[in-house]
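K.L.:
Structure below; questions to follow.
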Amino acid sequence: MKAIILAAGRGSRMKKMTAHQPKCLTMLQGRPLIEWQLHALQEAGINEIAIVTGYKSNALLQYNLTEFHNKNWSKTNMLSSLACAEGWLTEKDCIVTYGDIFFEFSAIISLKQVKADIAITYDKNWEKLWLKRFEKPLLDAETFKLNENSSVTEIGNKPKSFQDIQGQFMGLLKFTPRGWSIIQKLRKELIPTERDKMDITSALNRIINSNKTEIIGVKYEKSWGEVDTESDLSIYEDYKL
């Protein structure tokens with residue numbers, strides 16, 4: 001199994017902290033975010049790791065990872081960045097991680113064990129963290145619903161209440177080649193402007209609604225977080241990582 005880190009965007013909400021470097025180089029407890037990810041992936045037995053770059057890509061050469069470059073990073077969304085790594089995604093199963101998150105290696109182990117073509121990790125106890133991060137958590141959160149078989153039935157819409165959110169998607173996924181082919185077929189049916197703007201959760205929700213394949217939710221209960229703003233860092237400084 002291989003892994004792909006999505007690190008093409010700047011992360012404009014980080015303001016000055018990303019003025020001269022990609023967001024994944026933001027320091028957390030003395031280590032760049034990308035190094036937390038690399039450590040977790042390697043602890044889970046994954047050593048073939050690629051990175052999709054865009055903004056300030058030269059700053060990431062030091063990690064000697066296989067590089068896929070999204071030259072249109074400023075005009076496209078994360079799904080288009082992931083499509084830059086299609087050569088890997090069509091070859092074998094791949095773990096995909098957003099470049100601005102951290103997690104423990106057990107999250108990767110859980111994803112590797114799932115047989116589904118598309119699987120995603122989620123935090124059932126997300127509300128506690130979101131209340132620390134946001135004054136009004138529902139404004140940032142998205143819907144996430146599961147059935148009794150852990151199959152995701154809705155993701156990525158605007159929630160009307162906390163009951164619409166059974167967990168928080170973490171930005172950590174697994175695709176088999178078949179799972180990725182379903183994503184690519186969906187993308188090819190879109191006009192270019194819509195394809196460029198589509199994010200990953202919107203694509204997943206369309207797949208759910210089309211009944212093309214099951215998307216399995218994998219519960220994760222250990223330390224993790226996403227870094228969107230400088231204030232997020234102060235929250236995570238107290239985490240035991």
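Chain labels run A, B, ... following the order of the structure tokens; each chain numbers its residues from 1, and ligands are numbered from 1 in the order shown.
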Would you kindly return, as a ChimeraX atom specification, each protein, DNA or RNA residue with an atom no farther than 10 Å from any atom of Asn58 in chain A, considering only C-alpha atoms and excluding same-chain residues fewer than 5 positions away?

P.N.:
/A:21-22,53

K.L.:
Would you pick out the contacts of Leu233 in chain A at 9 Å or less, using only C-alpha atoms, so that residues sharing its chain but fewer than 5 positions from it are not included, and give the list as an MDAnalysis selection string?

P.N.:
chainID A and resid 27:29 227:228

K.L.:
With distances taken over only C-alpha atoms, which of A:Ala7, A:Thr90, A:Phe162, A:Leu111 is nearest to Trp130 in chain A?

P.N.:
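The shortest atom-to-atom distance to Trp130 in chain A comes from A:Phe162.
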
K.L.:
From the set A:Ala141, A:Ala19, A:Leu79, A:Cys94, which residue has the shortest atom-to-atom contact distance to Met198 in chain A, counting only C-alpha atoms?

P.N.:
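Nearest to Met198 in chain A: A:Leu79.
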
K.L.:
Between CA of Phe105 in chain A and CA of Glu43 in chain A, what is the spacing in Å?

P.N.:
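Taking CA of Glu43 in chain A and CA of Phe105 in chain A, their separation equals 6.0 Å.
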
K.L.:
For range 80-86 of chain A, work out the shell of residues within 7 Å, counting only C-alpha atoms and skipping chain neighbours fewer than 5 positions away, then give it as a CSV table (one decimal) with all heavy atoms, in the first residue's frame.

P.N.:
chain,number,residue,atom,x,y,z
A,6,LEU,N,-1.7,15.4,0.5
A,6,LEU,CA,-2.1,16.5,-0.3
A,6,LEU,C,-1.7,17.8,0.4
A,6,LEU,O,-2.2,18.2,1.4
A,6,LEU,CB,-3.7,16.5,-0.3
A,6,LEU,CG,-4.3,15.2,-1.0
A,6,LEU,CD1,-5.8,15.3,-1.0
A,6,LEU,CD2,-3.8,15.1,-2.4
A,8,ALA,N,-0.9,20.9,-1.6
A,8,ALA,CA,-0.7,21.9,-2.7
A,8,ALA,C,-1.1,23.3,-2.3
A,8,ALA,O,-0.6,24.3,-2.8
A,8,ALA,CB,-1.5,21.5,-3.9
A,52,VAL,N,1.5,15.7,-3.1
A,52,VAL,CA,1.1,16.6,-4.2
A,52,VAL,C,1.4,18.0,-3.7
A,52,VAL,O,0.9,18.5,-2.7
A,52,VAL,CB,-0.4,16.4,-4.4
A,52,VAL,CG1,-0.9,17.3,-5.6
A,52,VAL,CG2,-0.8,15.0,-4.7
A,68,PHE,N,4.1,14.8,-7.0
A,68,PHE,CA,3.1,15.2,-8.1
A,68,PHE,C,2.8,16.6,-7.9
A,68,PHE,O,2.4,17.1,-6.8
A,68,PHE,CB,1.9,14.3,-8.0
A,68,PHE,CG,2.1,12.8,-8.1
A,68,PHE,CD1,2.2,12.0,-7.0
A,68,PHE,CD2,2.3,12.2,-9.3
A,68,PHE,CE1,2.4,10.7,-7.1
A,68,PHE,CE2,2.5,10.9,-9.5
A,68,PHE,CZ,2.6,10.1,-8.3
A,69,HIS,N,2.9,17.4,-9.0
A,69,HIS,CA,2.8,18.9,-8.8
A,69,HIS,C,1.5,19.3,-9.5
A,69,HIS,O,1.2,19.0,-10.6
A,69,HIS,CB,3.9,19.6,-9.4
A,69,HIS,CG,3.9,21.1,-9.2
A,69,HIS,ND1,4.1,21.7,-8.0
A,69,HIS,CD2,3.7,22.1,-10.1
A,69,HIS,CE1,4.0,23.0,-8.1
A,69,HIS,NE2,3.8,23.3,-9.4
A,70,ASN,N,0.7,20.1,-8.7
A,70,ASN,CA,-0.5,20.7,-9.3
A,70,ASN,C,-0.2,22.1,-9.6
A,70,ASN,O,-0.2,23.0,-8.8
A,70,ASN,CB,-1.7,20.7,-8.2
A,70,ASN,CG,-2.9,21.3,-8.7
A,70,ASN,OD1,-3.0,21.7,-9.9
A,70,ASN,ND2,-3.9,21.4,-7.9
A,196,ASP,N,-13.1,21.6,-11.4
A,196,ASP,CA,-12.0,22.3,-10.7
A,196,ASP,C,-12.5,22.7,-9.3
A,196,ASP,O,-11.6,22.8,-8.3
A,196,ASP,CB,-11.6,23.6,-11.4
A,196,ASP,CG,-10.8,23.2,-12.7
A,196,ASP,OD1,-10.4,22.1,-12.9
A,196,ASP,OD2,-10.7,24.1,-13.5

K.L.:
List as number ranges by chain the protein and nucleic acid residues near Gly217 in chain A, meaning an atom at most 12 Å away when only C-alpha atoms are counted, but skip any in the same chain fewer than 5 places from it.

P.N.:
A: 107, 110-111, 114-124, 144-155, 166-174, 204

K.L.:
Report the distance between CA of Arg195 in chain A and CA of Asp93 in chain A in Å, rounded to one decimal place.

P.N.:
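Spanning CA of Arg195 in chain A to CA of Asp93 in chain A is a straight-line distance of 23.4 Å.
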
K.L.:
Please run DSSP on the backbone and report, as an MDAnalysis selection string, all residues within range 7-141 of chain A that come out as alpha helix (DSSP H).

P.N.:
chainID A and resid 33:43 78:83 86:89 105:113 126:133

K.L.:
Using backbone DSSP assignments, extract all strand (DSSP E or B) residues from range 148-184 of chain A; output them as JSON, numbers by chain.

P.N.:
{"A": [151, 152, 153, 154, 155, 165, 168, 169, 170, 171, 172, 173, 174, 175]}

K.L.:
Write a file of the just-selected residues containing all heavy atoms, as an mmCIF file, in the first residue's frame.

P.N.:
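Saved as result_27.cif:
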data_model
loop_
_atom_site.group_PDB
_atom_site.id
_atom_site.type_symbol
_atom_site.label_atom_id
_atom_site.label_comp_id
_atom_site.auth_asym_id
_atom_site.auth_seq_id
_atom_site.Cartn_x
_atom_site.Cartn_y
_atom_site.Cartn_z
ATOM 1 N N SER A 151 -21.719 2.232 6.927
ATOM 2 C CA SER A 151 -21.678 2.815 5.598
ATOM 3 C C SER A 151 -22.134 4.274 5.691
ATOM 4 O O SER A 151 -23.156 4.571 6.314
ATOM 5 C CB SER A 151 -22.598 2.030 4.655
ATOM 6 O OG SER A 151 -22.571 2.585 3.354
ATOM 7 N N VAL A 152 -21.371 5.174 5.094
ATOM 8 C CA VAL A 152 -21.705 6.600 5.142
ATOM 9 C C VAL A 152 -22.897 6.859 4.233
ATOM 10 O O VAL A 152 -22.899 6.481 3.063
ATOM 11 C CB VAL A 152 -20.502 7.456 4.708
ATOM 12 C CG1 VAL A 152 -20.842 8.942 4.815
ATOM 13 C CG2 VAL A 152 -19.274 7.140 5.559
ATOM 14 N N THR A 153 -23.917 7.501 4.785
ATOM 15 C CA THR A 153 -25.130 7.792 4.012
ATOM 16 C C THR A 153 -25.244 9.264 3.626
ATOM 17 O O THR A 153 -26.054 9.618 2.770
ATOM 18 C CB THR A 153 -26.384 7.387 4.801
ATOM 19 O OG1 THR A 153 -26.417 8.116 6.051
ATOM 20 C CG2 THR A 153 -26.386 5.889 5.099
ATOM 21 N N GLU A 154 -24.441 10.117 4.237
ATOM 22 C CA GLU A 154 -24.424 11.541 3.874
ATOM 23 C C GLU A 154 -23.161 12.171 4.410
ATOM 24 O O GLU A 154 -22.713 11.879 5.519
ATOM 25 C CB GLU A 154 -25.643 12.274 4.448
ATOM 26 C CG GLU A 154 -25.712 13.744 4.044
ATOM 27 C CD GLU A 154 -26.904 14.482 4.632
ATOM 28 O OE1 GLU A 154 -27.915 13.818 4.958
ATOM 29 O OE2 GLU A 154 -26.831 15.718 4.762
ATOM 30 N N ILE A 155 -22.585 13.065 3.609
ATOM 31 C CA ILE A 155 -21.381 13.785 4.031
ATOM 32 C C ILE A 155 -21.284 15.092 3.257
ATOM 33 O O ILE A 155 -21.675 15.176 2.086
ATOM 34 C CB ILE A 155 -20.106 12.933 3.805
ATOM 35 C CG1 ILE A 155 -18.869 13.624 4.402
ATOM 36 C CG2 ILE A 155 -19.898 12.625 2.340
ATOM 37 C CD1 ILE A 155 -17.618 12.765 4.373
ATOM 38 N N ILE A 165 -24.843 15.419 12.496
ATOM 39 C CA ILE A 165 -23.401 15.129 12.479
ATOM 40 C C ILE A 165 -23.103 13.989 13.447
ATOM 41 O O ILE A 165 -22.984 14.186 14.655
ATOM 42 C CB ILE A 165 -22.578 16.381 12.865
ATOM 43 C CG1 ILE A 165 -23.043 17.597 12.065
ATOM 44 C CG2 ILE A 165 -21.092 16.123 12.642
ATOM 45 C CD1 ILE A 165 -22.472 18.903 12.556
ATOM 46 N N GLN A 168 -17.013 13.572 12.693
ATOM 47 C CA GLN A 168 -16.285 14.550 11.891
ATOM 48 C C GLN A 168 -15.311 13.827 10.967
ATOM 49 O O GLN A 168 -14.427 13.094 11.417
ATOM 50 C CB GLN A 168 -15.515 15.514 12.791
ATOM 51 C CG GLN A 168 -14.558 16.442 12.063
ATOM 52 C CD GLN A 168 -15.261 17.390 11.123
ATOM 53 O OE1 GLN A 168 -16.298 17.947 11.447
ATOM 54 N NE2 GLN A 168 -14.695 17.600 9.945
ATOM 55 N N PHE A 169 -15.484 13.993 9.665
ATOM 56 C CA PHE A 169 -14.519 13.473 8.705
ATOM 57 C C PHE A 169 -13.170 14.140 8.955
ATOM 58 O O PHE A 169 -13.077 15.349 9.075
ATOM 59 C CB PHE A 169 -15.018 13.760 7.288
ATOM 60 C CG PHE A 169 -14.001 13.529 6.209
ATOM 61 C CD1 PHE A 169 -13.341 12.311 6.096
ATOM 62 C CD2 PHE A 169 -13.709 14.533 5.302
ATOM 63 C CE1 PHE A 169 -12.404 12.109 5.095
ATOM 64 C CE2 PHE A 169 -12.782 14.332 4.290
ATOM 65 C CZ PHE A 169 -12.126 13.119 4.192
ATOM 66 N N MET A 170 -12.108 13.339 9.019
ATOM 67 C CA MET A 170 -10.804 13.836 9.453
ATOM 68 C C MET A 170 -9.888 14.296 8.329
ATOM 69 O O MET A 170 -8.845 14.912 8.585
ATOM 70 C CB MET A 170 -10.088 12.741 10.254
ATOM 71 C CG MET A 170 -10.777 12.365 11.544
ATOM 72 S SD MET A 170 -10.148 10.805 12.239
ATOM 73 C CE MET A 170 -8.381 11.069 12.213
ATOM 74 N N GLY A 171 -10.233 13.980 7.086
ATOM 75 C CA GLY A 171 -9.307 14.269 6.000
ATOM 76 C C GLY A 171 -8.317 13.149 5.784
ATOM 77 O O GLY A 171 -7.196 13.373 5.310
ATOM 78 N N LEU A 172 -8.739 11.923 6.125
ATOM 79 C CA LEU A 172 -7.896 10.740 5.994
ATOM 80 C C LEU A 172 -8.727 9.636 5.348
ATOM 81 O O LEU A 172 -9.777 9.259 5.876
ATOM 82 C CB LEU A 172 -7.400 10.313 7.374
ATOM 83 C CG LEU A 172 -6.370 9.200 7.457
ATOM 84 C CD1 LEU A 172 -5.088 9.571 6.732
ATOM 85 C CD2 LEU A 172 -6.071 8.873 8.918
ATOM 86 N N LEU A 173 -8.264 9.130 4.187
ATOM 87 C CA LEU A 173 -9.055 8.209 3.391
ATOM 88 C C LEU A 173 -8.215 7.054 2.874
ATOM 89 O O LEU A 173 -6.987 7.105 2.886
ATOM 90 C CB LEU A 173 -9.667 8.906 2.175
ATOM 91 C CG LEU A 173 -10.331 10.253 2.266
ATOM 92 C CD1 LEU A 173 -9.330 11.386 2.166
ATOM 93 C CD2 LEU A 173 -11.355 10.418 1.140
ATOM 94 N N LYS A 174 -8.920 6.043 2.345
ATOM 95 C CA LYS A 174 -8.273 4.981 1.582
ATOM 96 C C LYS A 174 -9.062 4.744 0.301
ATOM 97 O O LYS A 174 -10.291 4.672 0.330
ATOM 98 C CB LYS A 174 -8.218 3.672 2.370
ATOM 99 C CG LYS A 174 -7.423 2.575 1.653
ATOM 100 C CD LYS A 174 -7.692 1.196 2.215
ATOM 101 C CE LYS A 174 -8.997 0.625 1.692
ATOM 102 N NZ LYS A 174 -9.205 -0.795 2.051
ATOM 103 N N PHE A 175 -8.355 4.645 -0.823
ATOM 104 C CA PHE A 175 -8.959 4.297 -2.098
ATOM 105 C C PHE A 175 -8.312 3.033 -2.643
ATOM 106 O O PHE A 175 -7.078 2.912 -2.629
ATOM 107 C CB PHE A 175 -8.739 5.405 -3.143
ATOM 108 C CG PHE A 175 -9.483 6.677 -2.882
ATOM 109 C CD1 PHE A 175 -8.815 7.785 -2.380
ATOM 110 C CD2 PHE A 175 -10.830 6.781 -3.156
ATOM 111 C CE1 PHE A 175 -9.482 8.979 -2.155
ATOM 112 C CE2 PHE A 175 -11.518 7.967 -2.925
ATOM 113 C CZ PHE A 175 -10.843 9.067 -2.428
#

K.L.:
Given only C-alpha atoms as the basis, pick out the residue of A:Trp73, A:Trp36, A:Trp126, A:Trp180 nearest to Gly99 in chain A.

P.N.:
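With only C-alpha atoms as the atom set, the closest residue is A:Trp36.
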
K.L.:
Could you list, as number ranges by chain, every residue within 12 Å of Ser12 in chain A, counting only C-alpha atoms and ignoring same-chain residues fewer than 2 positions away?

P.N.:
A: 9-10, 14-23, 55, 74, 227-230

K.L.:
From the set A:Ile108, A:Leu65, A:Ile34, A:Ile215, which residue has the shortest atom-to-atom contact distance to Ile49 in chain A, counting only C-alpha atoms?

P.N.:
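The shortest atom-to-atom distance to Ile49 in chain A comes from A:Leu65.
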
K.L.:
Measuring atom to atom with only C-alpha atoms, identify which of A:Ala59, A:Gln113, A:Glu67, A:Lys188 is nearest to Met1 in chain A.

P.N.:
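Closest residue, counting only C-alpha atoms: A:Gln113.
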
K.L.:
Grab the CA of Ser223 in chain A to CA of Leu241 in chain A distance for me, in Å with one decimal place.

P.N.:
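Those two atoms sit 6.9 Å apart.
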
K.L.:
Taking only C-alpha atoms into account, which of A:Asp100, A:Leu190, A:Glu135, A:Gln184 comes nearest Arg13 in chain A?

P.N.:
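Of the candidates, the smallest distance to Arg13 in chain A is held by A:Asp100.
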